[in-house]
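*Asks:* First, the structure itself, so that you have it in front of you.
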Amino acid sequence: MRGLAAAFSRCCATGALSALAPARCATASQQEATAHARAALAAAVPSLGPVGGVPSAPSGARASTRAASAASRWSAAGGSRRGLSSINRVRPVPAPPVASPLPGVRKVVLVASGKGGVGKSTLAANLACALAGPLGLRVGLLDADIFGPSVPRMMRLDNDGLRPGTDQAGKMIPFENHGVKCMSMGFLMEKGAAAVWRGPMVLKAMEQLSRGVAWGDLDVLVVDMPPGTGDVQLSVSQRLPVSGVLMVGTPQDVAMLDVERGIRMFELVKLPVLGLVHNMAYFTCERCEHRHELFPSGRITREIQGKGIELLGSLPLEPSVARAAEDGTPTVVGSPSSASSHEYVAIARRLQQKLQDNNPN
């Protein structure tokens, strides 16, 4: 703990702790700033949680009193002054409030991963098309990746200048292609523009993209989540009536570790994980038709399955899938006889069964 406090004191001297004490850190002497940083850190420790923030520091005598009280409570709870090594002792995330329904939407499925670059958006687009085409459901696709929207390109809706209209109630009308209604931040920005926003703006945009859209009657709304376990993931999990989560990653342990972290986050907010998908798991040689496993399916996958989370499918690495995503025609639509297409449809069927089992209404 002393090491952390010393590090915080150095940061405070350079102004890096302005978020903790904006007024004091800018004008106080180094000794006063150091004492104030230590008090703020001690006061913050007991309230740290998996999604918690650091509160503003108190001032004067109240800071010393509250810091001493906080340190006492931390010690009584078994906390160590050598560091924040006992992360399991922090308070868990409280159960989220019941999210209000989306008018006309029966089921909401999140397609998530703990990291980027594992083919999550490709899976979400093909899954939506499989549910809409071969399975005949009414499907929507929401692109929740504010900073890296992929749905417009993957669904061939990326014409520059294409903007959604509004209905009489002022809600945005989603675009539709391949039998799927789509909404994305990419429809609201100039092509190639970057959303350089802080958290509150991102959450406000996410609310507009979900509840500010006239989805109509949908059997399933597929949500392409951004990678990680941050503000957007928590906001979507708590504000939308989520029926379940589908996790995706490549099979090796280094990728599955991040999937496991994502699963833990959804467990904390009381959302069911419906299954796991291995993407780019193997490729089949065009000459000898031999199947080559690209990654070892290791310990983490077995641990996840040990928790009762089923592996719903393993997708091959096929160049045609990447070309289809670039062209805006998902594989399920453009190459329905391919191995990937068959597996996407099989995953969609298993997912539909999971939704019926978990949410019969």
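Letters for chains follow the order of the structure tokens (A, B, ...), residue numbers begin at 1 for each chain, and ligand numbers begin at 1 in the order shown.
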Just list as JSON, numbers by chain whatever in region 84-302 of chain A DSSP marks as alpha helix (DSSP H).
*Replies:* {"A": [120, 121, 122, 123, 124, 125, 126, 127, 128, 129, 130, 131, 132, 151, 152, 153, 154, 199, 200, 201, 202, 203, 204, 205, 206, 207, 208, 209, 210, 211, 231, 232, 233, 234, 235, 236, 237, 238, 239, 253, 254, 255, 256, 257, 258, 259, 260, 261, 262, 263, 264, 265, 266, 267, 268, 299, 300, 301, 302]}
*Asks:* Cys129 (chain A): which residues within 10 Å, counting only C-alpha atoms, same-chain residues fewer than 5 positions away excluded, as a ChimeraX atom specification?
*Replies:* /A:123-124,134-137,139-141,155,177-180,329-333,344-345,348
*Asks:* Would you write out those residues with N, CA, C and O atoms, as a compact mmCIF listing (two decimals), in the first residue's frame?
*Replies:*
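In the end it all went to again08.txt:
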```
# COMPACT_ATOMS: atom_id res chain seq x y z
N LEU A 123 -19.16 -13.14 -37.42
CA LEU A 123 -20.11 -14.10 -36.86
C LEU A 123 -21.47 -13.47 -36.67
O LEU A 123 -22.50 -14.07 -37.01
N ALA A 124 -21.52 -12.24 -36.13
CA ALA A 124 -22.80 -11.58 -35.87
C ALA A 124 -23.58 -11.38 -37.16
O ALA A 124 -24.79 -11.63 -37.22
N PRO A 134 -32.37 -19.12 -43.70
CA PRO A 134 -32.76 -20.52 -43.52
C PRO A 134 -33.76 -20.76 -42.39
O PRO A 134 -34.60 -21.65 -42.49
N LEU A 135 -33.69 -19.98 -41.31
CA LEU A 135 -34.59 -20.21 -40.18
C LEU A 135 -35.88 -19.40 -40.27
O LEU A 135 -36.82 -19.64 -39.51
N GLY A 136 -35.92 -18.42 -41.15
CA GLY A 136 -37.15 -17.69 -41.42
C GLY A 136 -37.64 -16.77 -40.31
O GLY A 136 -38.85 -16.50 -40.21
N LEU A 137 -36.74 -16.26 -39.49
CA LEU A 137 -37.14 -15.37 -38.40
C LEU A 137 -37.04 -13.90 -38.83
O LEU A 137 -36.37 -13.56 -39.79
N VAL A 139 -35.42 -10.57 -38.05
CA VAL A 139 -34.15 -10.35 -37.36
C VAL A 139 -33.67 -8.91 -37.54
O VAL A 139 -33.81 -8.32 -38.62
N GLY A 140 -33.10 -8.37 -36.47
CA GLY A 140 -32.41 -7.09 -36.52
C GLY A 140 -30.96 -7.27 -36.12
O GLY A 140 -30.61 -8.21 -35.39
N LEU A 141 -30.09 -6.37 -36.57
CA LEU A 141 -28.67 -6.40 -36.25
C LEU A 141 -28.24 -5.03 -35.78
O LEU A 141 -28.29 -4.06 -36.55
N MET A 155 -22.76 -5.56 -44.41
CA MET A 155 -24.12 -5.77 -44.91
C MET A 155 -24.40 -4.95 -46.16
O MET A 155 -25.55 -4.79 -46.57
N ASN A 177 -31.12 -5.06 -45.39
CA ASN A 177 -30.51 -5.79 -46.49
C ASN A 177 -30.35 -7.25 -46.08
O ASN A 177 -30.22 -7.57 -44.89
N HIS A 178 -30.39 -8.14 -47.06
CA HIS A 178 -30.30 -9.58 -46.83
C HIS A 178 -31.36 -10.06 -45.83
O HIS A 178 -31.14 -11.03 -45.09
N GLY A 179 -32.48 -9.35 -45.78
CA GLY A 179 -33.56 -9.75 -44.89
C GLY A 179 -33.35 -9.36 -43.44
O GLY A 179 -34.09 -9.83 -42.55
N VAL A 180 -32.37 -8.50 -43.14
CA VAL A 180 -32.03 -8.12 -41.77
C VAL A 180 -32.10 -6.60 -41.62
O VAL A 180 -31.53 -5.86 -42.44
N THR A 329 -21.60 -9.13 -48.65
CA THR A 329 -22.55 -10.23 -48.82
C THR A 329 -22.11 -11.37 -47.92
O THR A 329 -21.19 -12.13 -48.27
N PRO A 330 -22.67 -11.49 -46.71
CA PRO A 330 -22.25 -12.55 -45.79
C PRO A 330 -22.27 -13.92 -46.44
O PRO A 330 -23.07 -14.19 -47.35
N THR A 331 -21.39 -14.79 -45.99
CA THR A 331 -21.22 -16.11 -46.58
C THR A 331 -22.51 -16.90 -46.63
O THR A 331 -22.78 -17.63 -47.60
N VAL A 332 -23.33 -16.76 -45.60
CA VAL A 332 -24.61 -17.48 -45.56
C VAL A 332 -25.47 -17.11 -46.76
O VAL A 332 -26.22 -17.95 -47.29
N VAL A 333 -25.35 -15.87 -47.23
CA VAL A 333 -26.14 -15.39 -48.37
C VAL A 333 -25.43 -15.68 -49.68
O VAL A 333 -26.03 -16.18 -50.64
N TYR A 344 -22.43 -21.93 -39.87
CA TYR A 344 -23.17 -20.77 -39.37
C TYR A 344 -24.63 -21.12 -39.14
O TYR A 344 -25.23 -20.75 -38.12
N VAL A 345 -25.23 -21.82 -40.08
CA VAL A 345 -26.64 -22.19 -39.96
C VAL A 345 -26.84 -23.17 -38.79
O VAL A 345 -27.80 -23.06 -38.03
N ALA A 348 -26.73 -21.22 -35.66
CA ALA A 348 -27.98 -20.46 -35.52
C ALA A 348 -29.10 -21.36 -34.99
O ALA A 348 -29.89 -20.94 -34.13
```
*Asks:* Interatomic distance between CA of Gly119 (chain A) and CA of Asp219 (chain A)?
*Replies:*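 Interatomic distance, CA of Gly119 (chain A) to CA of Asp219 (chain A): 24.1 Å.
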*Asks:* Please list as a ChimeraX atom specification every residue within 12 Å of Gln233 (chain A), counting only C-alpha atoms and excluding residues in the same chain fewer than 3 positions away.
*Replies:* /A:51,110-114,144-146,199,202-203,206,223-230,236-240,242,245,262-263,265-266,269,271
*Asks:* Those selected residues, please, written with C-alpha atoms and delivered as a PDB file, in the first residue's frame.
*Replies:*
```
ATOM      1  CA  VAL A  51     -16.952  -1.571 -12.381  1.00  0.00           C
ATOM      2  CA  LEU A 110     -25.333 -10.290 -27.538  1.00  0.00           C
ATOM      3  CA  VAL A 111     -22.425 -11.567 -29.650  1.00  0.00           C
ATOM      4  CA  ALA A 112     -19.363 -10.768 -27.561  1.00  0.00           C
ATOM      5  CA  SER A 113     -15.667 -11.472 -27.149  1.00  0.00           C
ATOM      6  CA  GLY A 114     -13.037 -10.457 -24.661  1.00  0.00           C
ATOM      7  CA  ALA A 144     -22.808  -1.605 -30.704  1.00  0.00           C
ATOM      8  CA  ASP A 145     -19.165  -0.920 -31.587  1.00  0.00           C
ATOM      9  CA  ILE A 146     -19.264   2.875 -31.544  1.00  0.00           C
ATOM     10  CA  GLY A 199     -17.786   7.624 -21.882  1.00  0.00           C
ATOM     11  CA  VAL A 202     -20.722   6.855 -25.984  1.00  0.00           C
ATOM     12  CA  LEU A 203     -23.455   5.702 -23.606  1.00  0.00           C
ATOM     13  CA  MET A 206     -25.719   3.601 -27.497  1.00  0.00           C
ATOM     14  CA  VAL A 223     -26.157  -7.121 -30.995  1.00  0.00           C
ATOM     15  CA  ASP A 224     -22.573  -6.990 -32.277  1.00  0.00           C
ATOM     16  CA  MET A 225     -20.766  -5.946 -29.093  1.00  0.00           C
ATOM     17  CA  PRO A 226     -17.434  -4.095 -28.962  1.00  0.00           C
ATOM     18  CA  PRO A 227     -14.480  -6.055 -27.561  1.00  0.00           C
ATOM     19  CA  GLY A 228     -13.641  -5.897 -23.882  1.00  0.00           C
ATOM     20  CA  THR A 229     -15.562  -5.411 -20.639  1.00  0.00           C
ATOM     21  CA  GLY A 230     -16.041  -1.650 -20.414  1.00  0.00           C
ATOM     22  CA  VAL A 236     -26.012  -2.678 -22.870  1.00  0.00           C
ATOM     23  CA  SER A 237     -26.132  -5.544 -20.377  1.00  0.00           C
ATOM     24  CA  GLN A 238     -28.100  -3.536 -17.845  1.00  0.00           C
ATOM     25  CA  ARG A 239     -30.327  -1.391 -20.063  1.00  0.00           C
ATOM     26  CA  LEU A 240     -31.472  -3.838 -22.722  1.00  0.00           C
ATOM     27  CA  VAL A 242     -30.966  -9.352 -22.950  1.00  0.00           C
ATOM     28  CA  VAL A 245     -24.905 -13.982 -24.698  1.00  0.00           C
ATOM     29  CA  GLY A 262     -16.006 -11.662 -20.658  1.00  0.00           C
ATOM     30  CA  ILE A 263     -18.016 -14.593 -19.333  1.00  0.00           C
ATOM     31  CA  MET A 265     -18.487 -10.003 -16.486  1.00  0.00           C
ATOM     32  CA  PHE A 266     -21.800 -11.318 -17.826  1.00  0.00           C
ATOM     33  CA  VAL A 269     -24.564  -8.792 -14.218  1.00  0.00           C
ATOM     34  CA  LEU A 271     -26.888 -12.622 -17.894  1.00  0.00           C
TER      35      LEU A 271
END
```
*Asks:* May I have the residues within 9 Å of Gly313 (chain A) as a list in words, using only C-alpha atoms and disregarding those fewer than 3 positions away in the same chain?
*Replies:* Gly275, Leu276, Val277, His278, Asn279, Glu310, Glu343, Tyr344, Ala346, Ile347 and Arg350 of chain A
*Asks:* Check the smallest atom-to-atom distance from each of A:Pro319, A:Leu257, A:Pro251, A:Glu207 to Leu294 (chain A) using only C-alpha atoms, then report the winner.
*Replies:* A:Pro251
*Asks:* Which polymer residues have any atom within 8 Å of an atom of Val105 (chain A), counting only C-alpha atoms, with same-chain residues fewer than 6 positions away left out, as a PyMOL selection string?
*Replies:* chain A and resi 215-221
*Asks:* Compile the contact shell of region 281-283 of chain A as a list in words: residues with an atom at most 10 Å away, counting only C-alpha atoms, same-chain residues fewer than 3 positions apart removed.
*Replies:*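 Result of the neighbour search: Gly249, Thr250, Pro251, Gln252, Val277, His278, Glu286, Glu289, His290, Arg291, His292, Glu293, Leu294, Phe295, Pro296, Ser297, Gly313, Ser314, Leu315, Pro316, Leu317, Glu318 and Pro319 of chain A.
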